[in-house]
Amino acid sequence: MDFKKIFLLIIASFAVSLASYFAFNKFILKGGAGSAALAINSPSGSLTVTVDGEVSGKTPFYSDTMNEGESSIVLGNDTSTYRGKVSLTNGTLTVVNYSLGPSEDFSEGETIWLEKSKDAASLVVISDPDEAEVRLDDTLLGNTPISSKKVSAGDHTLKISKSGYRPRLIKIQNQPGYSLNIKARLFLVPISAGSGKLEFADDPRFKITNFSTVNAALYADTSSWAKGISFYLLNPDSDSGTAAASYDLFLDYRGQLFDKDGIKTTTAGALDKEGIKVGYLGKTADGGITDDAKLALTNLVGKALPKVDKVQVVGNAWANVRSGPSTGAAVVTKVNEGDKFTLVAEEGSFYKITLSDGKTGYISKTYARKL
């Protein structure tokens, strides 16, 4: 069997979905028992491949001249690194499929290899984290780590899943005389179902999204959690429907502030705009934003946020907004009673305001009051 053709089949299958699909009946090399093969792919982008301390190329990577035994591999880009080991068996192909995120928790993939066995066909599955559920063709085999000698030869669909993590789906074909081994890394989903808005009464310019969770794997390291949310929103699961978004800063239940890259900060820069987007990293058990977090926001208002005055339309069902501070200036739009606008300046008997489209105009003080 031509390993290069096999590798092309692997790459083509990766393009179908974020899930992994392998046909292991193709992974036994006929007439080539003197060497082992290694294929490494990364759906998340090209990675530098280092094997046993030597830079060997970029993903997608393929070699059919590997020595049998255990080898160390390092996959990396400008921001993250994955380190692991692979088992290589002469006459077979070992496959590494890995999507590298900002940290190990927010990366995913699997290493799959064959080892000679006396059994007709067998399957070994381990995972990080462990205690993940393993289903073979919708039949529950158990939780990882798991070893089964009751798996028949032939085509099967394997699903590895755990609550709070993105599942891995793998299509396999067990071979008589071989043990099929799978080591999977599951992606820790950083946004729990039911995330909602929080109010911060001390300053309405903060728009706080509550990402509180019961998952200790998230709130144990809130810096990593902040990075994970930013990564996830820009690289959502194909089935999640989550639109790309970003946050100005993240605030955790201890009162610590982080930027979108998870770097700890005290002021998060000069946040002088309205609608500042804050991601709150809390514990569900706290029942909302903690006192420490509220204090951090209050301090942030004083350090980073200049006071913004507002005006509100009053005294009439509607009012004219003009191009200048005069009743003779052209009317550019009309606004409704109760509407609120940012005050830019006071010019005589007129307020200069910022409209919802970002443009400015003038409204008579007769029909507006400063808040």
# chains A, B, ... in the order shown; residues from 1 in each chain; ligands from 1

$ residues_around --residues "Thr266 in chain A" --least-positions-apart "2" --cutoff "8 Å" --atoms "only C-alpha atoms" --output "list in words"
Gln256, Leu257, Lys264, Ala268 and Leu300 of chain A

$ write_last_selection --atoms "N, CA and C atoms" --output "PDB file, in the first residue's frame"
ATOM      1  N   GLN A 256      -9.996  40.154  39.853  1.00  0.00           N
ATOM      2  CA  GLN A 256      -8.871  40.333  38.941  1.00  0.00           C
ATOM      3  C   GLN A 256      -9.371  40.697  37.552  1.00  0.00           C
ATOM      4  N   LEU A 257      -8.641  41.585  36.870  1.00  0.00           N
ATOM      5  CA  LEU A 257      -8.982  42.021  35.521  1.00  0.00           C
ATOM      6  C   LEU A 257      -7.966  41.473  34.536  1.00  0.00           C
ATOM      7  N   LYS A 264      -3.078  39.796  32.854  1.00  0.00           N
ATOM      8  CA  LYS A 264      -3.622  40.537  33.988  1.00  0.00           C
ATOM      9  C   LYS A 264      -3.346  42.026  33.835  1.00  0.00           C
ATOM     10  N   ALA A 268      -7.023  48.041  32.197  1.00  0.00           N
ATOM     11  CA  ALA A 268      -7.475  47.579  30.880  1.00  0.00           C
ATOM     12  C   ALA A 268      -7.429  48.693  29.841  1.00  0.00           C
ATOM     13  N   LEU A 300     -12.222  50.748  38.706  1.00  0.00           N
ATOM     14  CA  LEU A 300     -11.921  50.951  37.291  1.00  0.00           C
ATOM     15  C   LEU A 300     -12.615  52.203  36.769  1.00  0.00           C
TER      16      LEU A 300
END

$ residues_around --residues "Ala329 in chain A" --least-positions-apart "4" --cutoff "12 Å" --atoms "only C-alpha atoms" --output "PDB file with N, CA and C atoms, in the first residue's frame"
ATOM      1  N   ASN A 320     -36.783  68.528  17.663  1.00  0.00           N
ATOM      2  CA  ASN A 320     -35.891  68.639  16.505  1.00  0.00           C
ATOM      3  C   ASN A 320     -34.424  68.604  16.937  1.00  0.00           C
ATOM      4  N   VAL A 321     -33.641  67.950  16.132  1.00  0.00           N
ATOM      5  CA  VAL A 321     -32.184  68.015  16.278  1.00  0.00           C
ATOM      6  C   VAL A 321     -31.672  68.791  15.073  1.00  0.00           C
ATOM      7  N   ARG A 322     -30.913  69.859  15.335  1.00  0.00           N
ATOM      8  CA  ARG A 322     -30.500  70.761  14.253  1.00  0.00           C
ATOM      9  C   ARG A 322     -28.999  70.647  13.977  1.00  0.00           C
ATOM     10  N   SER A 323     -28.604  71.203  12.845  1.00  0.00           N
ATOM     11  CA  SER A 323     -27.210  71.140  12.414  1.00  0.00           C
ATOM     12  C   SER A 323     -26.329  72.139  13.146  1.00  0.00           C
ATOM     13  N   GLY A 324     -26.928  73.100  13.839  1.00  0.00           N
ATOM     14  CA  GLY A 324     -26.183  74.100  14.579  1.00  0.00           C
ATOM     15  C   GLY A 324     -26.971  74.598  15.763  1.00  0.00           C
ATOM     16  N   PRO A 325     -26.339  75.378  16.656  1.00  0.00           N
ATOM     17  CA  PRO A 325     -26.998  75.849  17.880  1.00  0.00           C
ATOM     18  C   PRO A 325     -27.893  77.061  17.641  1.00  0.00           C
ATOM     19  N   THR A 333     -32.753  65.659  12.132  1.00  0.00           N
ATOM     20  CA  THR A 333     -33.580  64.504  12.508  1.00  0.00           C
ATOM     21  C   THR A 333     -34.504  64.918  13.640  1.00  0.00           C
ATOM     22  N   PHE A 350     -28.505  75.622  23.650  1.00  0.00           N
ATOM     23  CA  PHE A 350     -28.566  74.318  22.994  1.00  0.00           C
ATOM     24  C   PHE A 350     -27.555  73.342  23.619  1.00  0.00           C
ATOM     25  N   GLY A 361     -25.425  66.601  16.706  1.00  0.00           N
ATOM     26  CA  GLY A 361     -26.442  67.584  16.371  1.00  0.00           C
ATOM     27  C   GLY A 361     -26.758  68.422  17.595  1.00  0.00           C
ATOM     28  N   TYR A 362     -27.700  69.349  17.459  1.00  0.00           N
ATOM     29  CA  TYR A 362     -28.021  70.277  18.536  1.00  0.00           C
ATOM     30  C   TYR A 362     -29.506  70.198  18.867  1.00  0.00           C
ATOM     31  N   ILE A 363     -29.803  70.167  20.175  1.00  0.00           N
ATOM     32  CA  ILE A 363     -31.180  70.137  20.640  1.00  0.00           C
ATOM     33  C   ILE A 363     -31.384  71.272  21.633  1.00  0.00           C
ATOM     34  N   SER A 364     -32.513  71.947  21.522  1.00  0.00           N
ATOM     35  CA  SER A 364     -32.811  73.078  22.403  1.00  0.00           C
ATOM     36  C   SER A 364     -32.953  72.604  23.847  1.00  0.00           C
TER      37      SER A 364
END

$ closest_residue --among "A:Tyr367, A:Trp113, A:Phe341, A:Phe211" --to "Asn97 in chain A" --atoms "only C-alpha atoms"
A:Trp113

$ residues_around --residues "Leu188 in chain A" --least-positions-apart "3" --cutoff "8 Å" --atoms "only C-alpha atoms" --output "PyMOL selection string"
chain A and resi 105-107+164-166

$ closest_atom_pairs --of "range 145-216 of chain A" --to "range 70-92 of chain A" --cutoff "12 Å" --atoms "only C-alpha atoms" --output "CSV"
residue,atom,partner,partner_atom,distance
A:Gln175,CA,A:Thr92,CA,11.5
A:Tyr178,CA,A:Thr92,CA,10.2
A:Ser179,CA,A:Thr89,CA,11.4
A:Leu180,CA,A:Thr92,CA,11.1
A:Asn181,CA,A:Ser87,CA,9.7
A:Ile182,CA,A:Val86,CA,10.9
A:Lys183,CA,A:Val86,CA,9.9
A:Ala184,CA,A:Gly84,CA,11.8
A:Arg185,CA,A:Tyr82,CA,11.2

$ select_by_dssp --residues "range 83-327 of chain A" --states "strand (DSSP E)" --output "PyMOL selection string"
chain A and resi 83-88+93-99+108-116+122-128+133-136+139-143+146-148+154-161+165-166+168-174+178-185+187-188+196-198+206-210+249-252+257-258+264-265+276-281+310-313+318-322

$ residues_around --residues "range 283-293 of chain A" --least-positions-apart "3" --cutoff "6 Å" --atoms "only C-alpha atoms" --output "list in words"
Ser212, Thr213, Val214, Tyr253, Arg254, Gly255 and Ala296 of chain A

$ residues_around --residues "range 133-135 of chain A" --least-positions-apart "3" --cutoff "10 Å" --atoms "only C-alpha atoms" --output "ChimeraX atom specification"
/A:125-127,130,138-146,157-163,167-169

$ select_by_dssp --residues "range 5-180 of chain A" --states "alpha helix (DSSP H)" --output "list in words"
Lys5, Ile6, Phe7, Leu8, Leu9, Ile10, Ile11, Ala12, Ser13 and Phe14 of chain A

$ write_last_selection --atoms "C-alpha atoms" --output "mmCIF file, in the first residue's frame"
data_model
loop_
_atom_site.group_PDB
_atom_site.id
_atom_site.type_symbol
_atom_site.label_atom_id
_atom_site.label_comp_id
_atom_site.auth_asym_id
_atom_site.auth_seq_id
_atom_site.Cartn_x
_atom_site.Cartn_y
_atom_site.Cartn_z
ATOM 1 C CA LYS A 5 -1.926 7.900 -1.143
ATOM 2 C CA ILE A 6 -3.136 7.002 2.339
ATOM 3 C CA PHE A 7 -2.002 10.385 3.628
ATOM 4 C CA LEU A 8 -3.918 12.184 0.876
ATOM 5 C CA LEU A 9 -7.025 10.281 1.950
ATOM 6 C CA ILE A 10 -6.461 11.468 5.519
ATOM 7 C CA ILE A 11 -6.054 15.104 4.494
ATOM 8 C CA ALA A 12 -9.179 14.944 2.328
ATOM 9 C CA SER A 13 -11.159 13.510 5.232
ATOM 10 C CA PHE A 14 -9.983 16.298 7.568
#

$ decode --residues "range 213-235 of chain A" --atoms "N, CA and C atoms" --output "PDB file, in the first residue's frame"
ATOM      1  N   THR A 213     -19.816  29.421  35.920  1.00  0.00           N
ATOM      2  CA  THR A 213     -19.879  27.997  35.633  1.00  0.00           C
ATOM      3  C   THR A 213     -19.722  27.180  36.907  1.00  0.00           C
ATOM      4  N   VAL A 214     -20.128  25.922  36.829  1.00  0.00           N
ATOM      5  CA  VAL A 214     -19.882  24.969  37.921  1.00  0.00           C
ATOM      6  C   VAL A 214     -18.607  24.182  37.658  1.00  0.00           C
ATOM      7  N   ASN A 215     -17.989  24.385  36.506  1.00  0.00           N
ATOM      8  CA  ASN A 215     -16.832  23.587  36.091  1.00  0.00           C
ATOM      9  C   ASN A 215     -15.548  24.160  36.691  1.00  0.00           C
ATOM     10  N   ALA A 216     -14.980  23.444  37.667  1.00  0.00           N
ATOM     11  CA  ALA A 216     -13.764  23.912  38.332  1.00  0.00           C
ATOM     12  C   ALA A 216     -12.578  23.973  37.380  1.00  0.00           C
ATOM     13  N   ALA A 217     -12.613  23.186  36.300  1.00  0.00           N
ATOM     14  CA  ALA A 217     -11.524  23.228  35.326  1.00  0.00           C
ATOM     15  C   ALA A 217     -11.426  24.599  34.672  1.00  0.00           C
ATOM     16  N   LEU A 218     -12.523  25.355  34.659  1.00  0.00           N
ATOM     17  CA  LEU A 218     -12.515  26.707  34.107  1.00  0.00           C
ATOM     18  C   LEU A 218     -12.138  27.743  35.165  1.00  0.00           C
ATOM     19  N   TYR A 219     -12.839  27.779  36.281  1.00  0.00           N
ATOM     20  CA  TYR A 219     -12.610  28.873  37.231  1.00  0.00           C
ATOM     21  C   TYR A 219     -11.338  28.695  38.058  1.00  0.00           C
ATOM     22  N   ALA A 220     -10.681  27.542  37.977  1.00  0.00           N
ATOM     23  CA  ALA A 220      -9.416  27.357  38.696  1.00  0.00           C
ATOM     24  C   ALA A 220      -8.307  28.226  38.116  1.00  0.00           C
ATOM     25  N   ASP A 221      -8.365  28.511  36.813  1.00  0.00           N
ATOM     26  CA  ASP A 221      -7.358  29.348  36.157  1.00  0.00           C
ATOM     27  C   ASP A 221      -8.099  30.341  35.266  1.00  0.00           C
ATOM     28  N   THR A 222      -8.454  31.486  35.833  1.00  0.00           N
ATOM     29  CA  THR A 222      -9.291  32.439  35.100  1.00  0.00           C
ATOM     30  C   THR A 222      -8.527  33.156  33.994  1.00  0.00           C
ATOM     31  N   SER A 223      -7.204  33.262  34.104  1.00  0.00           N
ATOM     32  CA  SER A 223      -6.414  33.841  33.017  1.00  0.00           C
ATOM     33  C   SER A 223      -6.516  32.976  31.766  1.00  0.00           C
ATOM     34  N   SER A 224      -6.357  31.663  31.947  1.00  0.00           N
ATOM     35  CA  SER A 224      -6.500  30.730  30.830  1.00  0.00           C
ATOM     36  C   SER A 224      -7.933  30.730  30.304  1.00  0.00           C
ATOM     37  N   TRP A 225      -8.895  30.844  31.203  1.00  0.00           N
ATOM     38  CA  TRP A 225     -10.311  30.874  30.812  1.00  0.00           C
ATOM     39  C   TRP A 225     -10.599  32.071  29.915  1.00  0.00           C
ATOM     40  N   ALA A 226     -10.048  33.239  30.264  1.00  0.00           N
ATOM     41  CA  ALA A 226     -10.240  34.436  29.429  1.00  0.00           C
ATOM     42  C   ALA A 226      -9.689  34.200  28.024  1.00  0.00           C
ATOM     43  N   LYS A 227      -8.502  33.636  27.928  1.00  0.00           N
ATOM     44  CA  LYS A 227      -7.921  33.334  26.616  1.00  0.00           C
ATOM     45  C   LYS A 227      -8.787  32.329  25.862  1.00  0.00           C
ATOM     46  N   GLY A 228      -9.306  31.351  26.591  1.00  0.00           N
ATOM     47  CA  GLY A 228     -10.132  30.322  25.955  1.00  0.00           C
ATOM     48  C   GLY A 228     -11.405  30.885  25.366  1.00  0.00           C
ATOM     49  N   ILE A 229     -12.047  31.824  26.064  1.00  0.00           N
ATOM     50  CA  ILE A 229     -13.272  32.440  25.547  1.00  0.00           C
ATOM     51  C   ILE A 229     -12.979  33.221  24.273  1.00  0.00           C
ATOM     52  N   SER A 230     -11.913  34.033  24.292  1.00  0.00           N
ATOM     53  CA  SER A 230     -11.551  34.812  23.099  1.00  0.00           C
ATOM     54  C   SER A 230     -11.275  33.892  21.915  1.00  0.00           C
ATOM     55  N   PHE A 231     -10.565  32.814  22.164  1.00  0.00           N
ATOM     56  CA  PHE A 231     -10.235  31.856  21.104  1.00  0.00           C
ATOM     57  C   PHE A 231     -11.501  31.183  20.574  1.00  0.00           C
ATOM     58  N   TYR A 232     -12.369  30.781  21.482  1.00  0.00           N
ATOM     59  CA  TYR A 232     -13.583  30.052  21.104  1.00  0.00           C
ATOM     60  C   TYR A 232     -14.531  30.914  20.278  1.00  0.00           C
ATOM     61  N   LEU A 233     -14.670  32.177  20.652  1.00  0.00           N
ATOM     62  CA  LEU A 233     -15.589  33.051  19.928  1.00  0.00           C
ATOM     63  C   LEU A 233     -15.089  33.374  18.527  1.00  0.00           C
ATOM     64  N   LEU A 234     -13.795  33.358  18.342  1.00  0.00           N
ATOM     65  CA  LEU A 234     -13.225  33.597  17.013  1.00  0.00           C
ATOM     66  C   LEU A 234     -13.075  32.314  16.215  1.00  0.00           C
ATOM     67  N   ASN A 235     -13.108  31.171  16.898  1.00  0.00           N
ATOM     68  CA  ASN A 235     -12.964  29.871  16.235  1.00  0.00           C
ATOM     69  C   ASN A 235     -14.032  28.919  16.760  1.00  0.00           C
TER      70      ASN A 235
END
